[in-house]
$ cat data05.cif   # mmCIF, C-alpha atoms and all ligand atoms; chains and numbers go by the auth columns
data_query
loop_
_atom_site.group_PDB
_atom_site.id
_atom_site.type_symbol
_atom_site.label_atom_id
_atom_site.label_comp_id
_atom_site.label_asym_id
_atom_site.label_seq_id
_atom_site.Cartn_x
_atom_site.Cartn_y
_atom_site.Cartn_z
_atom_site.B_iso_or_equiv
_atom_site.auth_seq_id
_atom_site.auth_asym_id
ATOM 1 C CA MET A 1 -2.349 -28.865 -10.958 0.00 1 A
ATOM 2 C CA GLU A 2 -3.509 -26.456 -8.285 0.00 2 A
ATOM 3 C CA MET A 3 -3.121 -22.773 -9.161 0.00 3 A
ATOM 4 C CA ILE A 4 -1.748 -20.045 -6.961 0.00 4 A
ATOM 5 C CA ASP A 5 -3.641 -16.799 -7.437 0.00 5 A
ATOM 6 C CA ILE A 6 -1.642 -13.609 -6.964 0.00 6 A
ATOM 7 C CA ALA A 7 -3.105 -10.088 -6.755 0.00 7 A
ATOM 8 C CA LEU A 8 -0.692 -7.425 -7.992 0.00 8 A
ATOM 9 C CA PRO A 9 -1.226 -3.694 -7.424 0.00 9 A
ATOM 10 C CA LYS A 10 -1.912 -2.130 -10.815 0.00 10 A
ATOM 11 C CA GLY A 11 0.551 0.603 -11.781 0.00 11 A
ATOM 12 C CA ARG A 12 4.211 1.410 -11.404 0.00 12 A
ATOM 13 C CA LEU A 13 4.637 -0.446 -8.126 0.00 13 A
ATOM 14 C CA GLY A 14 2.912 -3.504 -9.613 0.00 14 A
ATOM 15 C CA GLU A 15 5.439 -3.701 -12.420 0.00 15 A
ATOM 16 C CA LYS A 16 8.290 -3.718 -9.908 0.00 16 A
ATOM 17 C CA VAL A 17 6.474 -6.354 -7.895 0.00 17 A
ATOM 18 C CA TYR A 18 5.885 -8.523 -10.949 0.00 18 A
ATOM 19 C CA SER A 19 9.568 -8.378 -11.896 0.00 19 A
ATOM 20 C CA MET A 20 10.415 -9.642 -8.406 0.00 20 A
ATOM 21 C CA PHE A 21 8.039 -12.582 -8.871 0.00 21 A
ATOM 22 C CA GLU A 22 9.518 -13.170 -12.322 0.00 22 A
ATOM 23 C CA LYS A 23 13.040 -13.245 -10.888 0.00 23 A
ATOM 24 C CA ALA A 24 11.785 -15.593 -8.198 0.00 24 A
ATOM 25 C CA GLY A 25 10.921 -18.098 -10.948 0.00 25 A
ATOM 26 C CA PHE A 26 7.205 -17.402 -11.291 0.00 26 A
ATOM 27 C CA GLU A 27 7.217 -15.747 -14.682 0.00 27 A
ATOM 28 C CA CYS A 28 4.131 -15.232 -16.800 0.00 28 A
ATOM 29 C CA PRO A 29 5.257 -13.738 -20.139 0.00 29 A
ATOM 30 C CA SER A 30 1.729 -12.891 -21.346 0.00 30 A
ATOM 31 C CA ILE A 31 1.519 -10.196 -18.653 0.00 31 A
ATOM 32 C CA LYS A 32 3.918 -8.062 -20.690 0.00 32 A
ATOM 33 C CA GLU A 33 1.657 -7.955 -23.754 0.00 33 A
ATOM 34 C CA GLU A 34 0.234 -4.518 -24.507 0.00 34 A
ATOM 35 C CA ASN A 35 -3.469 -4.989 -23.756 0.00 35 A
ATOM 36 C CA ARG A 36 -6.072 -4.265 -21.116 0.00 36 A
ATOM 37 C CA LYS A 37 -6.517 -7.758 -19.790 0.00 37 A
ATOM 38 C CA LEU A 38 -6.578 -8.124 -16.015 0.00 38 A
ATOM 39 C CA ILE A 39 -5.836 -11.838 -15.616 0.00 39 A
ATOM 40 C CA PHE A 40 -2.726 -13.682 -16.788 0.00 40 A
ATOM 41 C CA GLU A 41 -1.871 -17.291 -16.360 0.00 41 A
ATOM 42 C CA ASN A 42 1.164 -19.515 -16.706 0.00 42 A
ATOM 43 C CA GLU A 43 -0.434 -22.936 -16.697 0.00 43 A
ATOM 44 C CA LYS A 44 2.884 -24.738 -16.705 0.00 44 A
ATOM 45 C CA LEU A 45 3.984 -23.111 -13.456 0.00 45 A
ATOM 46 C CA GLY A 46 0.498 -23.036 -11.987 0.00 46 A
ATOM 47 C CA VAL A 47 0.450 -19.268 -11.361 0.00 47 A
ATOM 48 C CA ARG A 48 -2.238 -16.760 -12.165 0.00 48 A
ATOM 49 C CA TYR A 49 -1.808 -13.002 -11.726 0.00 49 A
ATOM 50 C CA PHE A 50 -4.521 -10.322 -11.433 0.00 50 A
ATOM 51 C CA TRP A 51 -4.039 -6.591 -11.812 0.00 51 A
ATOM 52 C CA VAL A 52 -6.017 -5.072 -8.961 0.00 52 A
ATOM 53 C CA LYS A 53 -6.482 -1.471 -7.860 0.00 53 A
ATOM 54 C CA PRO A 54 -3.757 -1.097 -5.184 0.00 54 A
ATOM 55 C CA SER A 55 -6.191 -0.227 -2.405 0.00 55 A
ATOM 56 C CA ASP A 56 -8.284 -3.328 -3.244 0.00 56 A
ATOM 57 C CA VAL A 57 -5.538 -5.979 -3.078 0.00 57 A
ATOM 58 C CA SER A 58 -6.160 -6.718 0.595 0.00 58 A
ATOM 59 C CA ILE A 59 -9.889 -7.263 -0.078 0.00 59 A
ATOM 60 C CA TYR A 60 -9.145 -9.924 -2.704 0.00 60 A
ATOM 61 C CA VAL A 61 -6.658 -11.612 -0.389 0.00 61 A
ATOM 62 C CA GLU A 62 -8.769 -11.385 2.763 0.00 62 A
ATOM 63 C CA ARG A 63 -11.731 -13.016 1.006 0.00 63 A
ATOM 64 C CA GLY A 64 -9.643 -15.647 -0.749 0.00 64 A
ATOM 65 C CA ALA A 65 -10.232 -14.447 -4.325 0.00 65 A
ATOM 66 C CA ALA A 66 -6.431 -14.284 -4.383 0.00 66 A
ATOM 67 C CA ASP A 67 -4.142 -16.487 -2.275 0.00 67 A
ATOM 68 C CA ILE A 68 -1.447 -13.886 -1.909 0.00 68 A
ATOM 69 C CA GLY A 69 -0.867 -10.314 -2.999 0.00 69 A
ATOM 70 C CA VAL A 70 1.159 -7.188 -2.470 0.00 70 A
ATOM 71 C CA ALA A 71 -0.307 -4.227 -0.623 0.00 71 A
ATOM 72 C CA GLY A 72 1.065 -1.015 0.827 0.00 72 A
ATOM 73 C CA LYS A 73 1.457 -0.822 4.595 0.00 73 A
ATOM 74 C CA ASP A 74 -0.791 2.280 4.417 0.00 74 A
ATOM 75 C CA ILE A 75 -3.686 0.130 3.217 0.00 75 A
ATOM 76 C CA LEU A 76 -2.997 -2.551 5.847 0.00 76 A
ATOM 77 C CA LEU A 77 -2.984 0.054 8.629 0.00 77 A
ATOM 78 C CA GLU A 78 -6.104 1.753 7.342 0.00 78 A
ATOM 79 C CA TYR A 79 -8.312 -1.281 6.638 0.00 79 A
ATOM 80 C CA GLU A 80 -6.753 -3.809 9.041 0.00 80 A
ATOM 81 C CA PRO A 81 -7.661 -6.774 6.802 0.00 81 A
ATOM 82 C CA ASP A 82 -7.619 -10.237 8.380 0.00 82 A
ATOM 83 C CA VAL A 83 -4.585 -11.524 6.444 0.00 83 A
ATOM 84 C CA TYR A 84 -1.034 -12.598 7.226 0.00 84 A
ATOM 85 C CA GLU A 85 1.671 -10.052 6.516 0.00 85 A
ATOM 86 C CA LEU A 86 4.561 -12.228 5.346 0.00 86 A
ATOM 87 C CA LEU A 87 7.313 -9.941 4.142 0.00 87 A
ATOM 88 C CA ASP A 88 8.403 -6.331 3.754 0.00 88 A
ATOM 89 C CA LEU A 89 9.424 -6.082 0.091 0.00 89 A
ATOM 90 C CA ASP A 90 11.300 -2.846 0.760 0.00 90 A
ATOM 91 C CA ILE A 91 9.910 -1.166 -2.377 0.00 91 A
ATOM 92 C CA GLY A 92 7.213 1.472 -2.789 0.00 92 A
ATOM 93 C CA LYS A 93 8.832 3.282 0.107 0.00 93 A
ATOM 94 C CA CYS A 94 7.248 6.481 1.367 0.00 94 A
ATOM 95 C CA ARG A 95 5.846 7.774 4.652 0.00 95 A
ATOM 96 C CA MET A 96 2.496 8.687 6.146 0.00 96 A
ATOM 97 C CA ALA A 97 2.755 12.240 7.401 0.00 97 A
ATOM 98 C CA VAL A 98 0.892 15.222 8.755 0.00 98 A
ATOM 99 C CA ALA A 99 1.368 18.267 6.535 0.00 99 A
ATOM 100 C CA ALA A 100 0.132 21.830 6.619 0.00 100 A
ATOM 101 C CA LYS A 101 0.680 25.252 5.084 0.00 101 A
ATOM 102 C CA LYS A 102 4.173 26.582 5.688 0.00 102 A
ATOM 103 C CA GLY A 103 4.443 28.197 9.110 0.00 103 A
ATOM 104 C CA PHE A 104 1.337 26.433 10.448 0.00 104 A
ATOM 105 C CA TYR A 105 0.872 26.789 14.205 0.00 105 A
ATOM 106 C CA ASP A 106 -1.341 24.251 16.010 0.00 106 A
ATOM 107 C CA ASN A 107 -3.662 25.974 18.441 0.00 107 A
ATOM 108 C CA THR A 108 -4.451 23.076 20.753 0.00 108 A
ATOM 109 C CA HIS A 109 -7.470 24.866 22.257 0.00 109 A
ATOM 110 C CA THR A 110 -9.448 24.352 19.053 0.00 110 A
ATOM 111 C CA THR A 111 -10.557 21.222 17.219 0.00 111 A
ATOM 112 C CA LEU A 112 -8.030 20.366 14.522 0.00 112 A
ATOM 113 C CA ARG A 113 -9.582 19.850 11.083 0.00 113 A
ATOM 114 C CA VAL A 114 -7.812 16.934 9.361 0.00 114 A
ATOM 115 C CA ALA A 115 -8.382 16.137 5.678 0.00 115 A
ATOM 116 C CA THR A 116 -7.366 12.633 4.616 0.00 116 A
ATOM 117 C CA LYS A 117 -8.023 9.465 2.675 0.00 117 A
ATOM 118 C CA PHE A 118 -6.703 7.571 5.707 0.00 118 A
ATOM 119 C CA SER A 119 -9.303 8.337 8.359 0.00 119 A
ATOM 120 C CA LYS A 120 -8.486 5.425 10.659 0.00 120 A
ATOM 121 C CA ILE A 121 -4.752 6.099 10.654 0.00 121 A
ATOM 122 C CA ALA A 122 -5.404 9.770 11.399 0.00 122 A
ATOM 123 C CA GLU A 123 -7.923 8.978 14.148 0.00 123 A
ATOM 124 C CA ARG A 124 -5.551 6.552 15.867 0.00 124 A
ATOM 125 C CA PHE A 125 -2.623 8.951 15.604 0.00 125 A
ATOM 126 C CA TYR A 126 -4.477 11.851 17.212 0.00 126 A
ATOM 127 C CA ALA A 127 -6.299 9.674 19.771 0.00 127 A
ATOM 128 C CA GLU A 128 -2.900 8.675 21.157 0.00 128 A
ATOM 129 C CA LYS A 129 -2.084 12.339 21.614 0.00 129 A
ATOM 130 C CA CYS A 130 -5.558 13.004 23.088 0.00 130 A
ATOM 131 C CA ARG A 131 -5.952 15.696 20.421 0.00 131 A
ATOM 132 C CA ASP A 132 -9.508 16.629 19.520 0.00 132 A
ATOM 133 C CA ILE A 133 -9.971 16.428 15.736 0.00 133 A
ATOM 134 C CA ASP A 134 -12.587 16.647 13.037 0.00 134 A
ATOM 135 C CA ILE A 135 -11.919 14.246 10.148 0.00 135 A
ATOM 136 C CA ILE A 136 -12.763 15.429 6.653 0.00 136 A
ATOM 137 C CA HIS A 137 -12.645 12.328 4.507 0.00 137 A
ATOM 138 C CA LEU A 138 -11.529 13.021 0.932 0.00 138 A
ATOM 139 C CA ASN A 139 -10.741 10.658 -1.925 0.00 139 A
ATOM 140 C CA GLY A 140 -7.830 12.433 -3.617 0.00 140 A
ATOM 141 C CA SER A 141 -6.045 15.749 -4.196 0.00 141 A
ATOM 142 C CA ILE A 142 -5.857 16.033 -0.421 0.00 142 A
ATOM 143 C CA GLU A 143 -3.278 18.826 -0.720 0.00 143 A
ATOM 144 C CA LEU A 144 -6.014 21.231 -1.796 0.00 144 A
ATOM 145 C CA ALA A 145 -7.773 21.131 1.560 0.00 145 A
ATOM 146 C CA PRO A 146 -5.463 23.373 3.634 0.00 146 A
ATOM 147 C CA ILE A 147 -4.949 25.741 0.725 0.00 147 A
ATOM 148 C CA LEU A 148 -8.694 26.365 0.467 0.00 148 A
ATOM 149 C CA ASN A 149 -9.049 26.379 4.268 0.00 149 A
ATOM 150 C CA LEU A 150 -11.193 23.260 4.157 0.00 150 A
ATOM 151 C CA SER A 151 -8.825 21.800 6.771 0.00 151 A
ATOM 152 C CA ASP A 152 -5.942 22.829 9.031 0.00 152 A
ATOM 153 C CA VAL A 153 -3.746 19.845 8.207 0.00 153 A
ATOM 154 C CA ILE A 154 -3.719 16.777 5.994 0.00 154 A
ATOM 155 C CA VAL A 155 -2.671 13.218 6.704 0.00 155 A
ATOM 156 C CA ASP A 156 -1.322 11.772 3.493 0.00 156 A
ATOM 157 C CA ILE A 157 1.432 9.859 1.788 0.00 157 A
ATOM 158 C CA VAL A 158 4.662 11.723 1.089 0.00 158 A
ATOM 159 C CA GLU A 159 7.119 10.132 -1.278 0.00 159 A
ATOM 160 C CA THR A 160 9.476 12.708 -2.796 0.00 160 A
ATOM 161 C CA GLY A 161 7.769 15.689 -1.124 0.00 161 A
ATOM 162 C CA LYS A 162 7.273 17.316 -4.530 0.00 162 A
ATOM 163 C CA THR A 163 3.475 17.570 -4.285 0.00 163 A
ATOM 164 C CA LEU A 164 3.719 19.320 -0.905 0.00 164 A
ATOM 165 C CA TYR A 165 6.483 21.633 -2.082 0.00 165 A
ATOM 166 C CA GLU A 166 4.680 22.699 -5.211 0.00 166 A
ATOM 167 C CA ASN A 167 1.590 23.547 -3.175 0.00 167 A
ATOM 168 C CA ASP A 168 3.439 25.508 -0.463 0.00 168 A
ATOM 169 C CA LEU A 169 2.843 22.855 2.160 0.00 169 A
ATOM 170 C CA GLU A 170 5.336 21.153 4.438 0.00 170 A
ATOM 171 C CA VAL A 171 5.564 18.089 6.636 0.00 171 A
ATOM 172 C CA VAL A 172 4.680 18.796 10.261 0.00 172 A
ATOM 173 C CA GLU A 173 5.267 15.285 11.564 0.00 173 A
ATOM 174 C CA THR A 174 5.912 11.779 10.224 0.00 174 A
ATOM 175 C CA ILE A 175 3.389 9.213 11.413 0.00 175 A
ATOM 176 C CA VAL A 176 4.843 5.972 10.057 0.00 176 A
ATOM 177 C CA PRO A 177 7.151 4.736 7.282 0.00 177 A
ATOM 178 C CA ILE A 178 5.364 2.835 4.506 0.00 178 A
ATOM 179 C CA SER A 179 6.476 0.115 2.073 0.00 179 A
ATOM 180 C CA ALA A 180 4.967 -2.727 0.052 0.00 180 A
ATOM 181 C CA ARG A 181 4.178 -5.960 1.896 0.00 181 A
ATOM 182 C CA LEU A 182 3.581 -9.541 0.744 0.00 182 A
ATOM 183 C CA ILE A 183 0.291 -10.681 2.273 0.00 183 A
ATOM 184 C CA SER A 184 -1.472 -14.037 2.344 0.00 184 A
ATOM 185 C CA ASN A 185 -4.996 -15.280 2.786 0.00 185 A
ATOM 186 C CA LYS A 186 -5.079 -17.185 6.088 0.00 186 A
ATOM 187 C CA ALA A 187 -6.620 -20.410 4.756 0.00 187 A
ATOM 188 C CA SER A 188 -4.414 -20.386 1.646 0.00 188 A
ATOM 189 C CA PHE A 189 -1.386 -20.093 3.894 0.00 189 A
ATOM 190 C CA GLN A 190 -2.331 -23.467 5.427 0.00 190 A
ATOM 191 C CA PHE A 191 -3.449 -25.260 2.274 0.00 191 A
ATOM 192 C CA LYS A 192 -0.884 -23.879 -0.177 0.00 192 A
ATOM 193 C CA ASN A 193 1.892 -23.506 2.352 0.00 193 A
ATOM 194 C CA ASP A 194 4.679 -25.091 0.279 0.00 194 A
ATOM 195 C CA ILE A 195 4.313 -22.786 -2.686 0.00 195 A
ATOM 196 C CA ILE A 196 3.675 -19.685 -0.564 0.00 196 A
ATOM 197 C CA GLU A 197 6.764 -20.363 1.548 0.00 197 A
ATOM 198 C CA LYS A 198 8.763 -20.928 -1.643 0.00 198 A
ATOM 199 C CA ILE A 199 7.644 -17.563 -3.031 0.00 199 A
ATOM 200 C CA LYS A 200 8.311 -15.817 0.268 0.00 200 A
ATOM 201 C CA LYS A 201 11.814 -17.287 0.458 0.00 201 A
ATOM 202 C CA ALA A 202 12.719 -16.334 -3.107 0.00 202 A
ATOM 203 C CA LEU A 203 11.412 -12.800 -2.617 0.00 203 A
ATOM 204 C CA SER A 204 13.160 -12.338 0.708 0.00 204 A
ATOM 205 C CA GLU A 205 16.465 -13.355 -0.902 0.00 205 A
ATOM 206 C CA GLN A 206 15.991 -10.551 -3.410 0.00 206 A
ATOM 207 C CA VAL A 207 15.192 -8.078 -0.643 0.00 207 A
ATOM 208 C CA ARG A 208 18.358 -9.146 1.165 0.00 208 A
ATOM 209 C CA ASN A 209 20.494 -8.856 -1.971 0.00 209 A
ATOM 210 C CA ASN A 210 19.121 -5.406 -2.714 0.00 210 A
ATOM 211 C CA ASN A 211 20.172 -4.301 0.753 0.00 211 A
ATOM 212 C CA ASP A 212 23.720 -5.663 0.490 0.00 212 A
HETATM 213 C C1 LIG B . 0.158 10.364 -3.498 0.00 301 B
HETATM 214 C C2 LIG B . -0.128 11.264 -2.308 0.00 301 B
HETATM 215 C C3 LIG B . 0.456 12.569 -2.715 0.00 301 B
HETATM 216 C C4 LIG B . 1.614 12.171 -3.613 0.00 301 B
HETATM 217 C C5 LIG B . 2.907 12.282 -2.858 0.00 301 B
HETATM 218 O O1 LIG B . -0.828 10.547 -4.414 0.00 301 B
HETATM 219 O O2 LIG B . -1.507 11.339 -2.042 0.00 301 B
HETATM 220 O O3 LIG B . -0.474 13.357 -3.405 0.00 301 B
HETATM 221 O O4 LIG B . 1.410 10.819 -3.987 0.00 301 B
HETATM 222 O O5 LIG B . 4.021 12.029 -3.662 0.00 301 B
HETATM 223 P P1 LIG B . 5.275 13.013 -3.703 0.00 301 B
HETATM 224 O O6 LIG B . 5.681 13.289 -2.283 0.00 301 B
HETATM 225 O O7 LIG B . 6.317 12.240 -4.462 0.00 301 B
HETATM 226 O O8 LIG B . 4.867 14.260 -4.427 0.00 301 B
HETATM 227 P P2 LIG B . -1.125 9.493 -5.571 0.00 301 B
HETATM 228 O O9 LIG B . -0.237 9.780 -6.732 0.00 301 B
HETATM 229 O O10 LIG B . -1.039 8.117 -5.029 0.00 301 B
HETATM 230 O O11 LIG B . -2.606 9.873 -6.005 0.00 301 B
HETATM 231 P P3 LIG B . -3.934 10.265 -5.184 0.00 301 B
HETATM 232 O O12 LIG B . -3.635 10.361 -3.737 0.00 301 B
HETATM 233 O O13 LIG B . -4.358 11.574 -5.756 0.00 301 B
HETATM 234 O O14 LIG B . -4.886 9.165 -5.479 0.00 301 B
#
$ encode --input "data05.cif" --output "structure tokens"
Amino acid sequence: MEMIDIALPKGRLGEKVYSMFEKAGFECPSIKEENRKLIFENEKLGVRYFWVKPSDVSIYVERGAADIGVAGKDILLEYEPDVYELLDLDIGKCRMAVAAKKGFYDNTHTTLRVATKFSKIAERFYAEKCRDIDIIHLNGSIELAPILNLSDVIVDIVETGKTLYENDLEVVETIVPISARLISNKASFQFKNDIIEKIKKALSEQVRNNND
């Protein structure tokens, strides 16, 4: 039987995502075993799951190493992978925002220094406003940048707002709401259409029920 390969984002979100697939009828009990394996298979159902670093899911799917996967809208906006976005799973909800030290005033006569992991999103956002910026690309702990005067603002993900609050920063502006999306490799979507549509349908029913 042909397998469907599914890339799950490793971590807390991935566990939620897996339980949605499980509920949808695509369970794979071995995934719950306490070990460090990255691949799990349910031969009977013809499904195989991979635990992938969340920001890498779209790479696996774009190149066909996985047929489908779940990626954050932040990653899709930043990397613009050539995949189909099939469904908003309505989990992993947060927002992409501009934040700065409390009381920050934007002097539009100077170049704005923007620290971020999401350079493309930041560039597009400020290009639309015709605001001159200097991107400082960082890989984590972005909140440090304005505190140490490495940047004026940051563009980052805000979920509860706790990280900003505890570092005396605040949201200046929301750029876009973010949530987890079901994505598909384009060729797989043609060749494994029946099973992918079946998964999409079962997941979208859960999304609908959760919203009722
Ligand atoms: C994200 C983001 C913020 C934090 C926001 O970091 O970069 O630091 O979560 O969440 P909060 O509003 O609930 O405090 P993540 O944990 O993904 O790690 P990283 O950015 O350091 O990789």
$ residues_near_ligand --input "data05.cif" --ligand "ligand LIG 301 (chain B)" --cutoff "10 Å" --atoms "all atoms listed in the file" --output "PyMOL selection string"
chain A and resi 54-55+94-96+116-117+138-144+154-167
$ closest_residue --input "data05.cif" --among "A:Met20, A:Val61, A:Ile75, A:Ile199" --to "Ala7 of chain A" --atoms "only C-alpha atoms"
A:Val61
$ closest_residue --input "data05.cif" --among "A:Phe26, A:Tyr60, A:Tyr84, A:Phe125" --to "Phe40 of chain A" --atoms "all atoms listed in the file"
A:Phe26
$ resolve_selection --input "data05.cif" --expression "the PyMOL selection byres (((chain A and resi 108) around 12) and not hetatm)" --output "PyMOL selection string"
chain A and resi 105-107+109-113+126+129-133+152
$ closest_residue --input "data05.cif" --among "A:Ile136, A:Leu89, A:Ile183, A:Ala145" --to "Gln206 of chain A" --atoms "only C-alpha atoms"
A:Leu89
$ resolve_selection --input "data05.cif" --expression "the PyMOL selection byres (((chain A and resi 28) around 12) and not hetatm)" --output "number ranges by chain"
A: 6, 18-27, 29-33, 39-50
$ closest_residue --input "data05.cif" --among "A:Met3, A:Leu169, A:Leu38, A:Val98" --to "Ile195 of chain A" --atoms "only C-alpha atoms"
A:Met3
$ atom_distance --input "data05.cif" --atom1 "atom CA of Phe118 of chain A" --atom2 "atom CA of Ser58 of chain A"
15.2 Å
